[in-house]
Each structure stands twice: as C-alpha cells, then as structure tokens.
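Student: My structure is stored as my_file_1.cif, with mmCIF, N, CA and C atoms.
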data_target
loop_
_atom_site.label_atom_id
_atom_site.label_comp_id
_atom_site.auth_asym_id
_atom_site.auth_seq_id
_atom_site.Cartn_x
_atom_site.Cartn_y
_atom_site.Cartn_z
N MET K 956 -59.35 -141.28 20.99
CA MET K 956 -58.52 -140.75 22.08
C MET K 956 -57.24 -141.59 22.13
N ASN K 957 -56.10 -140.91 22.13
CA ASN K 957 -54.85 -141.65 22.19
C ASN K 957 -54.50 -141.99 23.64
N VAL K 958 -53.44 -142.77 23.81
CA VAL K 958 -53.06 -143.25 25.15
C VAL K 958 -52.73 -142.10 26.09
N LEU K 959 -52.02 -141.10 25.59
CA LEU K 959 -51.66 -139.95 26.44
C LEU K 959 -52.91 -139.23 26.93
N GLU K 960 -53.86 -138.99 26.03
CA GLU K 960 -55.10 -138.33 26.45
C GLU K 960 -55.87 -139.19 27.45
N LYS K 961 -55.89 -140.50 27.22
CA LYS K 961 -56.59 -141.41 28.13
C LYS K 961 -55.94 -141.37 29.51
N ASN K 962 -54.60 -141.37 29.55
CA ASN K 962 -53.89 -141.30 30.83
C ASN K 962 -54.16 -139.98 31.54
N GLU K 963 -54.22 -138.88 30.78
CA GLU K 963 -54.51 -137.57 31.37
C GLU K 963 -55.91 -137.54 31.96
N VAL K 964 -56.88 -138.11 31.26
CA VAL K 964 -58.25 -138.18 31.76
C VAL K 964 -58.29 -139.00 33.04
N GLY K 965 -57.59 -140.14 33.04
CA GLY K 965 -57.55 -140.99 34.23
C GLY K 965 -56.92 -140.29 35.42
N ALA K 966 -55.81 -139.59 35.18
CA ALA K 966 -55.14 -138.86 36.27
C ALA K 966 -56.03 -137.74 36.80
N TRP K 967 -56.71 -137.04 35.90
CA TRP K 967 -57.64 -135.99 36.33
C TRP K 967 -58.74 -136.58 37.21
N GLY K 968 -59.30 -137.71 36.79
CA GLY K 968 -60.36 -138.36 37.55
C GLY K 968 -59.90 -138.81 38.92
N GLU K 969 -58.69 -139.35 38.99
CA GLU K 969 -58.16 -139.80 40.29
C GLU K 969 -57.94 -138.61 41.22
N ASP K 970 -57.44 -137.51 40.69
CA ASP K 970 -57.27 -136.30 41.51
C ASP K 970 -58.62 -135.78 42.00
N TYR K 971 -59.60 -135.78 41.10
CA TYR K 971 -60.93 -135.31 41.46
C TYR K 971 -61.52 -136.20 42.56
N ALA K 972 -61.40 -137.51 42.40
CA ALA K 972 -61.93 -138.46 43.39
C ALA K 972 -61.22 -138.30 44.73
N LYS K 973 -59.91 -138.11 44.70
CA LYS K 973 -59.14 -137.92 45.94
C LYS K 973 -59.64 -136.70 46.69
N THR K 974 -59.81 -135.59 45.99
CA THR K 974 -60.31 -134.36 46.62
C THR K 974 -61.71 -134.58 47.17
N TYR K 975 -62.56 -135.24 46.40
CA TYR K 975 -63.92 -135.53 46.85
C TYR K 975 -63.89 -136.35 48.15
N LEU K 976 -63.10 -137.41 48.18
CA LEU K 976 -63.04 -138.27 49.36
C LEU K 976 -62.53 -137.50 50.58
N GLU K 977 -61.50 -136.69 50.38
CA GLU K 977 -60.98 -135.87 51.49
C GLU K 977 -62.05 -134.91 52.00
N ASN K 978 -62.83 -134.33 51.09
CA ASN K 978 -63.91 -133.43 51.51
C ASN K 978 -65.02 -134.16 52.25
N GLN K 979 -65.11 -135.48 52.04
CA GLN K 979 -66.11 -136.30 52.75
C GLN K 979 -65.57 -136.80 54.09
N GLY K 980 -64.34 -136.43 54.44
CA GLY K 980 -63.77 -136.82 55.72
C GLY K 980 -62.85 -138.04 55.68
N TYR K 981 -62.62 -138.59 54.51
CA TYR K 981 -61.70 -139.71 54.38
C TYR K 981 -60.27 -139.20 54.53
N VAL K 982 -59.40 -140.07 55.04
CA VAL K 982 -57.98 -139.78 55.10
C VAL K 982 -57.33 -140.64 54.01
N VAL K 983 -56.76 -139.99 53.01
CA VAL K 983 -56.12 -140.72 51.92
C VAL K 983 -54.76 -141.21 52.40
N LEU K 984 -54.58 -142.54 52.35
CA LEU K 984 -53.35 -143.17 52.81
C LEU K 984 -52.35 -143.37 51.67
N GLU K 985 -52.87 -143.70 50.50
CA GLU K 985 -52.02 -144.00 49.34
C GLU K 985 -52.78 -143.63 48.06
N THR K 986 -52.01 -143.24 47.04
CA THR K 986 -52.58 -143.11 45.70
C THR K 986 -51.69 -143.91 44.75
N ASN K 987 -52.33 -144.57 43.81
CA ASN K 987 -51.62 -145.40 42.83
C ASN K 987 -50.65 -146.36 43.50
N TRP K 988 -51.13 -147.03 44.54
CA TRP K 988 -50.32 -147.99 45.29
C TRP K 988 -50.12 -149.25 44.45
N ARG K 989 -48.88 -149.71 44.37
CA ARG K 989 -48.56 -150.87 43.55
C ARG K 989 -47.91 -151.98 44.37
N SER K 990 -48.23 -153.19 43.98
CA SER K 990 -47.56 -154.38 44.49
C SER K 990 -47.43 -155.33 43.31
N SER K 991 -46.23 -155.47 42.82
CA SER K 991 -45.97 -156.26 41.61
C SER K 991 -46.83 -155.74 40.47
N HIS K 992 -47.68 -156.54 39.89
CA HIS K 992 -48.50 -156.10 38.76
C HIS K 992 -49.86 -155.52 39.19
N LEU K 993 -50.10 -155.46 40.48
CA LEU K 993 -51.38 -154.99 41.00
C LEU K 993 -51.31 -153.51 41.35
N GLU K 994 -52.42 -152.79 41.17
CA GLU K 994 -52.46 -151.37 41.52
C GLU K 994 -53.83 -151.02 42.08
N VAL K 995 -53.82 -150.14 43.08
CA VAL K 995 -55.05 -149.58 43.62
C VAL K 995 -54.97 -148.07 43.43
N ASP K 996 -56.03 -147.49 42.87
CA ASP K 996 -56.03 -146.06 42.60
C ASP K 996 -55.90 -145.24 43.88
N ILE K 997 -56.78 -145.53 44.84
CA ILE K 997 -56.77 -144.78 46.10
C ILE K 997 -57.02 -145.75 47.25
N ILE K 998 -56.21 -145.63 48.29
CA ILE K 998 -56.47 -146.35 49.54
C ILE K 998 -56.69 -145.27 50.59
N ALA K 999 -57.85 -145.35 51.24
CA ALA K 999 -58.21 -144.31 52.19
C ALA K 999 -58.78 -144.94 53.45
N GLN K 1000 -58.84 -144.12 54.49
CA GLN K 1000 -59.44 -144.57 55.73
C GLN K 1000 -60.72 -143.80 55.96
N ASP K 1001 -61.80 -144.54 56.21
CA ASP K 1001 -63.10 -143.97 56.54
C ASP K 1001 -63.43 -144.46 57.95
N LYS K 1002 -63.17 -143.62 58.92
CA LYS K 1002 -63.28 -143.98 60.34
C LYS K 1002 -62.37 -145.17 60.61
N GLU K 1003 -62.92 -146.34 60.97
CA GLU K 1003 -62.10 -147.50 61.30
C GLU K 1003 -61.91 -148.45 60.12
N THR K 1004 -62.39 -148.09 58.94
CA THR K 1004 -62.37 -148.97 57.77
C THR K 1004 -61.35 -148.48 56.75
N VAL K 1005 -60.55 -149.40 56.22
CA VAL K 1005 -59.66 -149.08 55.12
C VAL K 1005 -60.42 -149.36 53.82
N VAL K 1006 -60.44 -148.35 52.96
CA VAL K 1006 -61.25 -148.41 51.74
C VAL K 1006 -60.33 -148.45 50.53
N PHE K 1007 -60.54 -149.44 49.68
CA PHE K 1007 -59.80 -149.57 48.43
C PHE K 1007 -60.72 -149.05 47.32
N VAL K 1008 -60.28 -147.98 46.67
CA VAL K 1008 -61.14 -147.26 45.74
C VAL K 1008 -60.62 -147.40 44.31
N GLU K 1009 -61.48 -147.88 43.44
CA GLU K 1009 -61.18 -147.92 42.01
C GLU K 1009 -61.88 -146.73 41.38
N VAL K 1010 -61.12 -145.92 40.66
CA VAL K 1010 -61.67 -144.73 40.00
C VAL K 1010 -61.74 -145.01 38.51
N LYS K 1011 -62.91 -144.81 37.94
CA LYS K 1011 -63.09 -144.98 36.50
C LYS K 1011 -63.63 -143.67 35.94
N THR K 1012 -62.88 -143.11 34.99
CA THR K 1012 -63.25 -141.84 34.38
C THR K 1012 -63.42 -142.04 32.89
N ARG K 1013 -64.49 -141.51 32.35
CA ARG K 1013 -64.77 -141.58 30.92
C ARG K 1013 -65.12 -140.20 30.41
N THR K 1014 -64.94 -140.03 29.11
CA THR K 1014 -65.28 -138.75 28.48
C THR K 1014 -66.54 -138.86 27.63
N THR K 1015 -67.24 -139.95 27.77
CA THR K 1015 -68.47 -140.15 27.03
C THR K 1015 -69.48 -140.88 27.90
N THR K 1016 -70.74 -140.65 27.63
CA THR K 1016 -71.78 -141.36 28.37
C THR K 1016 -72.20 -142.63 27.65
N PHE K 1017 -71.44 -142.98 26.59
CA PHE K 1017 -71.77 -144.18 25.81
C PHE K 1017 -71.78 -145.43 26.66
N LYS K 1018 -70.80 -145.55 27.56
CA LYS K 1018 -70.71 -146.72 28.43
C LYS K 1018 -70.45 -146.25 29.85
N ASN K 1019 -71.19 -146.81 30.79
CA ASN K 1019 -71.04 -146.45 32.19
C ASN K 1019 -69.67 -146.91 32.68
N PRO K 1020 -68.88 -146.03 33.29
CA PRO K 1020 -67.55 -146.41 33.77
C PRO K 1020 -67.56 -147.59 34.74
N ILE K 1021 -68.63 -147.74 35.48
CA ILE K 1021 -68.72 -148.82 36.48
C ILE K 1021 -68.62 -150.19 35.80
N GLU K 1022 -69.10 -150.29 34.56
CA GLU K 1022 -69.06 -151.55 33.84
C GLU K 1022 -67.63 -152.04 33.61
N ALA K 1023 -66.65 -151.15 33.69
CA ALA K 1023 -65.25 -151.54 33.49
C ALA K 1023 -64.68 -152.29 34.70
N VAL K 1024 -65.39 -152.26 35.82
CA VAL K 1024 -64.91 -152.98 37.01
C VAL K 1024 -65.58 -154.36 37.01
N ASN K 1025 -65.10 -155.19 36.10
CA ASN K 1025 -65.66 -156.53 35.94
C ASN K 1025 -65.09 -157.49 37.00
N LYS K 1026 -65.48 -158.74 36.91
CA LYS K 1026 -65.04 -159.73 37.91
C LYS K 1026 -63.52 -159.87 37.95
N GLN K 1027 -62.86 -159.82 36.80
CA GLN K 1027 -61.40 -159.93 36.78
C GLN K 1027 -60.76 -158.73 37.49
N LYS K 1028 -61.25 -157.52 37.21
CA LYS K 1028 -60.72 -156.33 37.87
C LYS K 1028 -60.97 -156.41 39.37
N GLN K 1029 -62.14 -156.92 39.76
CA GLN K 1029 -62.44 -157.08 41.19
C GLN K 1029 -61.44 -158.04 41.84
N ARG K 1030 -61.12 -159.14 41.16
CA ARG K 1030 -60.14 -160.10 41.71
C ARG K 1030 -58.78 -159.44 41.89
N PHE K 1031 -58.35 -158.63 40.91
CA PHE K 1031 -57.08 -157.91 41.03
C PHE K 1031 -57.10 -156.97 42.24
N LEU K 1032 -58.20 -156.26 42.42
CA LEU K 1032 -58.29 -155.33 43.55
C LEU K 1032 -58.28 -156.07 44.89
N ILE K 1033 -58.96 -157.19 44.94
CA ILE K 1033 -58.98 -157.99 46.16
C ILE K 1033 -57.58 -158.52 46.47
N SER K 1034 -56.87 -158.98 45.45
CA SER K 1034 -55.48 -159.45 45.64
C SER K 1034 -54.59 -158.31 46.12
N ALA K 1035 -54.75 -157.13 45.51
CA ALA K 1035 -53.96 -155.97 45.93
C ALA K 1035 -54.27 -155.61 47.37
N ALA K 1036 -55.54 -155.64 47.74
CA ALA K 1036 -55.93 -155.32 49.11
C ALA K 1036 -55.32 -156.31 50.09
N ASN K 1037 -55.33 -157.59 49.74
CA ASN K 1037 -54.71 -158.60 50.59
C ASN K 1037 -53.22 -158.31 50.78
N SER K 1038 -52.54 -157.94 49.70
CA SER K 1038 -51.12 -157.61 49.79
C SER K 1038 -50.89 -156.41 50.70
N TYR K 1039 -51.73 -155.39 50.53
CA TYR K 1039 -51.59 -154.17 51.33
C TYR K 1039 -51.79 -154.46 52.81
N VAL K 1040 -52.85 -155.19 53.12
CA VAL K 1040 -53.16 -155.52 54.52
C VAL K 1040 -52.02 -156.33 55.14
N ARG K 1041 -51.47 -157.29 54.39
CA ARG K 1041 -50.35 -158.09 54.91
C ARG K 1041 -49.11 -157.23 55.11
N GLN K 1042 -48.77 -156.41 54.11
CA GLN K 1042 -47.57 -155.57 54.21
C GLN K 1042 -47.64 -154.59 55.38
N LYS K 1043 -48.81 -154.02 55.60
CA LYS K 1043 -48.98 -153.02 56.65
C LYS K 1043 -49.36 -153.64 57.99
N LYS K 1044 -49.57 -154.97 57.98
CA LYS K 1044 -49.96 -155.70 59.20
C LYS K 1044 -51.21 -155.08 59.84
N LEU K 1045 -52.22 -154.87 59.01
CA LEU K 1045 -53.46 -154.25 59.48
C LEU K 1045 -54.41 -155.29 60.03
N ASP K 1046 -55.19 -154.87 61.00
CA ASP K 1046 -56.26 -155.70 61.56
C ASP K 1046 -57.49 -154.81 61.65
N CYS K 1047 -58.18 -154.68 60.52
CA CYS K 1047 -59.33 -153.78 60.48
C CYS K 1047 -60.29 -154.22 59.38
N GLU K 1048 -61.43 -153.58 59.35
CA GLU K 1048 -62.40 -153.81 58.29
C GLU K 1048 -61.87 -153.20 57.00
N VAL K 1049 -62.18 -153.84 55.88
CA VAL K 1049 -61.85 -153.28 54.58
C VAL K 1049 -63.13 -153.20 53.74
N ARG K 1050 -63.09 -152.30 52.77
CA ARG K 1050 -64.25 -152.08 51.91
C ARG K 1050 -63.74 -151.76 50.51
N PHE K 1051 -64.54 -152.11 49.51
CA PHE K 1051 -64.20 -151.82 48.13
C PHE K 1051 -65.24 -150.86 47.55
N ASP K 1052 -64.78 -149.69 47.16
CA ASP K 1052 -65.65 -148.66 46.58
C ASP K 1052 -65.25 -148.40 45.14
N ILE K 1053 -66.18 -147.85 44.39
CA ILE K 1053 -65.91 -147.38 43.03
C ILE K 1053 -66.34 -145.93 42.95
N VAL K 1054 -65.50 -145.09 42.34
CA VAL K 1054 -65.89 -143.73 42.01
C VAL K 1054 -65.94 -143.67 40.49
N SER K 1055 -67.12 -143.37 39.98
CA SER K 1055 -67.37 -143.31 38.54
C SER K 1055 -67.53 -141.84 38.14
N ILE K 1056 -66.73 -141.42 37.16
CA ILE K 1056 -66.75 -140.02 36.75
C ILE K 1056 -66.93 -139.95 35.23
N ILE K 1057 -67.83 -139.10 34.81
CA ILE K 1057 -67.98 -138.82 33.38
C ILE K 1057 -67.78 -137.33 33.20
N LYS K 1058 -66.87 -136.97 32.27
CA LYS K 1058 -66.58 -135.56 32.03
C LYS K 1058 -66.58 -135.31 30.52
N ASP K 1059 -66.73 -134.05 30.17
CA ASP K 1059 -66.72 -133.66 28.77
C ASP K 1059 -66.02 -132.32 28.62
N ARG K 1060 -65.00 -132.28 27.78
CA ARG K 1060 -64.25 -131.04 27.51
C ARG K 1060 -63.81 -130.34 28.80
N GLY K 1061 -63.33 -131.13 29.75
CA GLY K 1061 -62.82 -130.56 30.99
C GLY K 1061 -63.88 -130.30 32.04
N ASN K 1062 -65.14 -130.47 31.70
CA ASN K 1062 -66.21 -130.20 32.67
C ASN K 1062 -66.79 -131.50 33.19
N LEU K 1063 -66.99 -131.54 34.48
CA LEU K 1063 -67.61 -132.70 35.11
C LEU K 1063 -69.06 -132.79 34.67
N ILE K 1064 -69.46 -133.98 34.24
CA ILE K 1064 -70.86 -134.21 33.91
C ILE K 1064 -71.55 -134.88 35.09
N THR K 1065 -70.95 -135.96 35.57
CA THR K 1065 -71.54 -136.67 36.70
C THR K 1065 -70.46 -137.46 37.45
N MET K 1066 -70.66 -137.61 38.74
CA MET K 1066 -69.78 -138.41 39.56
C MET K 1066 -70.65 -139.24 40.51
N GLU K 1067 -70.28 -140.49 40.66
CA GLU K 1067 -71.03 -141.38 41.55
C GLU K 1067 -70.04 -142.14 42.42
N HIS K 1068 -70.26 -142.13 43.72
CA HIS K 1068 -69.42 -142.88 44.66
C HIS K 1068 -70.25 -144.05 45.16
N ILE K 1069 -69.80 -145.24 44.82
CA ILE K 1069 -70.52 -146.45 45.21
C ILE K 1069 -69.75 -147.13 46.34
N LYS K 1070 -70.29 -147.04 47.54
CA LYS K 1070 -69.67 -147.70 48.69
C LYS K 1070 -70.04 -149.17 48.66
N ASN K 1071 -69.12 -150.02 49.15
CA ASN K 1071 -69.36 -151.47 49.14
C ASN K 1071 -69.79 -151.94 47.76
N ALA K 1072 -69.05 -151.51 46.74
CA ALA K 1072 -69.42 -151.81 45.35
C ALA K 1072 -69.40 -153.31 45.06
N PHE K 1073 -68.53 -154.03 45.75
CA PHE K 1073 -68.47 -155.48 45.62
C PHE K 1073 -67.81 -156.05 46.87
N TYR K 1074 -67.97 -157.35 47.02
CA TYR K 1074 -67.42 -158.03 48.19
C TYR K 1074 -66.52 -159.16 47.72
N PRO K 1075 -65.46 -159.46 48.47
CA PRO K 1075 -64.62 -160.61 48.10
C PRO K 1075 -65.46 -161.89 48.18
N SER K 1076 -65.30 -162.75 47.18
CA SER K 1076 -66.03 -164.02 47.21
C SER K 1076 -65.29 -164.99 48.12
N MET K 1077 -65.97 -166.00 48.54
CA MET K 1077 -65.38 -166.98 49.46
C MET K 1077 -64.60 -168.05 48.70
N ARG K 1078 -64.51 -167.96 47.37
CA ARG K 1078 -63.80 -168.97 46.60
C ARG K 1078 -62.34 -168.69 46.54
#
Taking this structure as input, can you express it in the form of structure tokens?
Tutor:
Amino acid sequence: MNVLEKNEVGAWGEDYAKTYLENQGYVVLETNWRSSHLEVDIIAQDKETVVFVEVKTRTTTFKNPIEAVNKQKQRFLISAANSYVRQKKLDCEVRFDIVSIIKDRGNLITMEHIKNAFYPSMR
C-alpha cells in the first residue's frame, strides 16, 4: 500500500469513527487538531468529559490496530491533550479512547471503541 492509499484509508476511518461517535451522542469539537508536531484525530465531548480519540484503521487483520497506540504514541496524545486543555482553558474531566477499525475492499470488517484505553502516568 502506498502513502496515498494509506492516507485515504486513515481519512476514511476517521470519518467513520466521527459518525459513529456522533451517533452515540458525542459532540465532536475538533478533528485532526494540531499543536506544533502533535495531533489528535478527534476531540469530542461525552456529557461532561472531553475525550481525546485516536483512530487506527487497517486493511488487514494481520496486526490489531490497537497495537499501534504504543507508549510513545500515548505520550504524544497526553501532551496534545495538555496543550488543548491549556489553550481552551478547560476545567473538566478528560479521557483517552481508541477507535480500532479493520476494513477490506471498502467494507467494514470490525470496529471497536475502547473507552479509557489508557491513563496518563504520574511520571
């Protein structure tokens, strides 16, 4: 898969996840929010909680998309969330979710929404 195809798959997955979250009652606040080199796929509100969502989409079941959200990726997301909260001057609960999508030839195979997928460490 070339870079263009990979980007198209990723964009499709993010759109799918956004629609899914909205159908679950979330209010999407931002998509592809950036602060310097940091990016969050989706920032949404679930009742009183701001949710930072990492979307991972794959076209094969060879490797679970969730495995791509390693400790380094988690640190980047936590840093991005800190920047967002500071910039918006928010005083609320935050949560980190992962939406994992596997598709094949344009058809959804499976989607999993993991709430509280990880927590910021105290270090």
Student: List, as a VMD selection string, every residue that the PyMOL selection byres ((chain K and resi 1009-1013) around 5) selects in the file provided.
Tutor: chain K and resid 1007 to 1008 1014 to 1015 1052 to 1058
Student: Once the PyMOL selection byres ((chain K and resi 1000) around 6.5) has been applied to the shown file, what residues remain in the selection, as a VMD selection string?
Tutor: chain K and resid 980 to 984 998 to 999 1001 to 1006
Student: For the structure shown, which residues end up in the PyMOL selection byres ((chain K and resi 1032-1037) around 8)? Put them as a list of chain:residue names, please?
Tutor: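 Expected selection for the PyMOL selection byres ((chain K and resi 1032-1037) around 8) here is K:Trp988, K:Arg989, K:Ser990, K:His992, K:Leu993, K:Glu994, K:Val995, K:Phe1007, K:Lys1026, K:Gln1027, K:Lys1028, K:Gln1029, K:Arg1030, K:Phe1031, K:Ser1038, K:Tyr1039, K:Val1040, K:Arg1041, K:Gln1042, K:Lys1043, K:Phe1051, K:Tyr1074, K:Pro1075, K:Ser1076.
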Student: Quick check, in Å to one decimal: how far apart do atom N of Ser991 in chain K and atom N of Lys1070 in chain K lie?
Tutor: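 These two atoms are separated by 25.9 Å.
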Student: Return as JSON the centre and edge lengths, in Å with one decimal, of the box along x, y and z that encloses every atom of range 1055-1060 of chain K in the file, padded by 8 Å per side.
Tutor:
{"center_x": -65.9, "center_y": -136.9, "center_z": 33.7, "size_x": 20.2, "size_y": 29.0, "size_z": 28.5}
Student: Would you list, as a list of chain:residue names, the residues of range 1012-1051 of chain K that end up in strand (DSSP E or B) under DSSP run on this structure's backbone?
Tutor: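 Filtering range 1012-1051 of chain K to strand (DSSP E or B) leaves K:Thr1012, K:Arg1013, K:Glu1048, K:Val1049, K:Arg1050, K:Phe1051.
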Student: Create the file for the chosen residues now, containing N, CA and C atoms and written as a tab-separated table (two decimals), in the frame of the given file.
Tutor:
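This is the output file result_12.tsv:
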chain	number	residue	atom	x	y	z
K	1012	THR	N	-62.88	-143.11	34.99
K	1012	THR	CA	-63.25	-141.84	34.38
K	1012	THR	C	-63.42	-142.04	32.89
K	1013	ARG	N	-64.49	-141.51	32.35
K	1013	ARG	CA	-64.77	-141.58	30.92
K	1013	ARG	C	-65.12	-140.20	30.41
K	1048	GLU	N	-61.43	-153.58	59.35
K	1048	GLU	CA	-62.40	-153.81	58.29
K	1048	GLU	C	-61.87	-153.20	57.00
K	1049	VAL	N	-62.18	-153.84	55.88
K	1049	VAL	CA	-61.85	-153.28	54.58
K	1049	VAL	C	-63.13	-153.20	53.74
K	1050	ARG	N	-63.09	-152.30	52.77
K	1050	ARG	CA	-64.25	-152.08	51.91
K	1050	ARG	C	-63.74	-151.76	50.51
K	1051	PHE	N	-64.54	-152.11	49.51
K	1051	PHE	CA	-64.20	-151.82	48.13
K	1051	PHE	C	-65.24	-150.86	47.55
Student: What is the CA of Glu985 in chain K-CA of Glu969 in chain K distance in Å, reported with one decimal?
Tutor: 11.7 Å
Student: From range 1035-1072 of chain K, collect each residue whose DSSP state is alpha helix (DSSP H) and return the set as an MDAnalysis selection string.
Tutor: chainID K and resid 1035:1043
Student: Just how far from CA of Asn1071 in chain K is atom N of Val1049 in chain K, in Å to one decimal?
Tutor: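 Distance between the two atoms: 10.1 Å.
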